[in-house]
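K.L.:
Here it is, the structure, as structure tokens.
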Amino acid sequence: MNRTRFFSTVSRLNRTGYSTVEPVHHLVPINKAALRPGLQELLLPKDDIRSPGYKPTNIGQDRVRDYYDAHLKSNLMLQLYIHGEETTDGNKHRSWGTDSPYKLYRKMRKPKGLSRATKDIKPIAPKNIPELTGININLYNREALEDSWLNISSRLQIAQITNVKPKRIFNKSNIVQWKCREGKPCGCKVHLTGEDMHQFLSTLTELVLPRIRTFQGISKKSGDHNGNISFGLSPEDIKFFPEIENFQELFPNLFGFHITLQTSARTDEQARLLLSSLGFPFH
Amino acid sequence: MISNTLKITVRTKATTTVNPSTQRVVNQLSALSASRKQPKLIKLSHEDLIKHNTIQNAWKSFTRKQETKRYQQLQQQYESIHNAMDTLKAISPSLYQMANKSDENNWYPLNMRVPTDYPANMPWVYNHKNQGKA
């Protein structure tokens, strides 16, 4: 049987149309569909008023921001200043040495003592005065593992308190005893910055924490050695948020959450000093 | 008789009885979802757009000026702290040592508040005594 192969010239002629676009071989993949003129207005930056994603900012006075800029910054600089201070090296990941080729590509050795690396501590200057950079709220909802609709309640609760739409979080591992399944939604998280952060902070320090009878202050032991301090609120404490308190029949299920106060301070001591100036008690 | 035939022939809205607790969850979900909450896109005329951009630019330059002014002031304060400590070191080493101690754990008192537009009736307690730290 003869199996010679012929290259067809007929099919090319029979095609209904052909591309007029010169083939360009991009080194970077380009999504040409996104370049069509109808989508041009979506390419506008979000701070442009013509963009569909435009959200007005600076719509009111931010008194926490003003207070920090006008009073706290210079006070903190004066208080944290130490004459003749030099940069203290942080606890870093270490190399295994260079005497053997096997050590060259080996994963870096763990830092001394602590298991986690710390950053360099630079002397205080006008540039690096500790500042509150963000507030992270993490709500792990254990009850939602059985009743998945409780995820909705927990997300709405956080959205109501913080004015920001929270992201869902999912289980990362299978633990049979706790009914954890990988990929199952189990609560929500939100990261606050700017005005929302300051609004949440003032609600917390002026309306919520003073009304919690058992609250003595944030624990002195709290902190991750890098200037981020966290604490938790129980479901009973959540009732004191004015957004929840006035609509109690709409929120029959309340859930506690963890709050992490992220600061640009390099040590926990400096972070505590900053937070005490913003109205957080410590014990 | 007519009403009976109407009942059979005319389709009315199906009445589904939803558990009130289920209805609450549905309401919660609709409060969270973005549908019908996005405001309409503002359609500005060319002139309005120019006006808007002018105001934005003016506000930006105003805030930038404020920031640089604040930073310069901080810089000056820093320099004067530095110079004062240098002088103290030369004049009195013992006082310098006392002044150069770490002051990190001296927290601010809880009575110190963020100022408000409408302060309390009694804004300042004159015979206040601070009970320990914080």
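Residue numbers start at 1 in each chain; chains themselves are named A, B, ... in the order of the structure tokens; ligands are numbered from 1 in the order shown.
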Considering only C-alpha atoms, tabulate each residue of chain A that lies at most 9 Å from chain B along with its nearest interatomic pair and the corresponding distance in Å to one decimal; arrange the rows by chain and ascending residue number and present them as CSV.
P.N.:
```
residue,atom,partner,partner_atom,distance
A:Asp48,CA,B:Asn53,CA,8.9
A:Ile49,CA,B:Ile42,CA,7.8
A:Arg50,CA,B:Ile42,CA,7.2
A:Ser51,CA,B:Leu41,CA,8.1
A:Pro52,CA,B:Leu41,CA,6.2
A:Tyr54,CA,B:Leu41,CA,8.8
A:Arg63,CA,B:Pro115,CA,7.3
A:Val64,CA,B:Val114,CA,6.5
A:Tyr67,CA,B:Val114,CA,6.4
A:Tyr68,CA,B:Val114,CA,8.8
A:Asp69,CA,B:Arg70,CA,8.0
A:Ala70,CA,B:Arg70,CA,8.4
A:Lys73,CA,B:Leu74,CA,8.3
A:Ser74,CA,B:Leu74,CA,6.5
A:Met77,CA,B:Tyr78,CA,7.7
A:Leu78,CA,B:Ile81,CA,7.5
A:Gln79,CA,B:Asp103,CA,6.0
A:Leu80,CA,B:Glu104,CA,6.3
A:Tyr81,CA,B:Ser102,CA,8.0
A:Ile82,CA,B:Asn100,CA,5.7
A:His83,CA,B:Asn100,CA,6.3
A:Ala125,CA,B:Tyr78,CA,7.1
A:Pro126,CA,B:Leu74,CA,5.8
A:Lys127,CA,B:Tyr71,CA,8.4
A:Trp149,CA,B:Val25,CA,7.2
A:Leu150,CA,B:Val25,CA,8.4
A:Ile152,CA,B:Leu29,CA,6.2
A:Ser153,CA,B:Gln28,CA,6.7
A:Arg155,CA,B:Leu32,CA,7.9
A:Leu156,CA,B:Leu32,CA,6.2
A:Ala159,CA,B:Leu32,CA,7.8
A:Lys165,CA,B:Leu32,CA,7.6
A:Ser202,CA,B:Val114,CA,8.4
A:Glu206,CA,B:Arg113,CA,9.0
A:Leu250,CA,B:Arg24,CA,7.7
A:Glu269,CA,B:Glu104,CA,6.2
A:Gln270,CA,B:Glu104,CA,6.1
A:Arg272,CA,B:Trp107,CA,7.7
A:Leu273,CA,B:Trp107,CA,5.3
A:Leu274,CA,B:Trp107,CA,8.3
A:Leu275,CA,B:Tyr108,CA,8.9
A:Ser276,CA,B:Tyr108,CA,5.5
A:Ser277,CA,B:Tyr108,CA,5.2
A:Leu278,CA,B:Val114,CA,7.3
A:Gly279,CA,B:Leu110,CA,5.9
A:Phe280,CA,B:Leu110,CA,7.5
A:Pro281,CA,B:Ala134,CA,6.6
A:Phe282,CA,B:Ala134,CA,7.3
A:His283,CA,B:Ala134,CA,8.7
```
K.L.:
Please list as a VMD selection string every residue within 6 Å of Ile259 (chain A), counting only C-alpha atoms and excluding residues in the same chain fewer than 3 positions away.
P.N.:
chain A and resid 136 to 137 230 to 232
K.L.:
Find the residues near Gly113 (chain A): any atom within 12 Å, counting only C-alpha atoms, skip ones fewer than 6 places away on the same chain, and give them as number ranges by chain.
P.N.:
A: 91-94
K.L.:
Quick one: distance from CA of His26 (chain A) to CA of Lys46 (chain A) in Å, one decimal?
P.N.:
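Taking CA of His26 (chain A) as the start and CA of Lys46 (chain A) as the end point, the length is 28.2 Å.
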K.L.:
Just list the residues in region 28-270 of chain A DSSP gives alpha helix (DSSP H) on the backbone, as a VMD selection string.
P.N.:
chain A and resid 63 to 67 73 to 80 150 to 162 194 to 203 235 to 238 242 to 245 268 to 270
K.L.:
Rounded to one decimal place, report the CA of His191 (chain A)-CA of Gly134 (chain A) distance in Å.
P.N.:
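According to the coordinates, CA of His191 (chain A) and CA of Gly134 (chain A) are separated by 6.9 Å.
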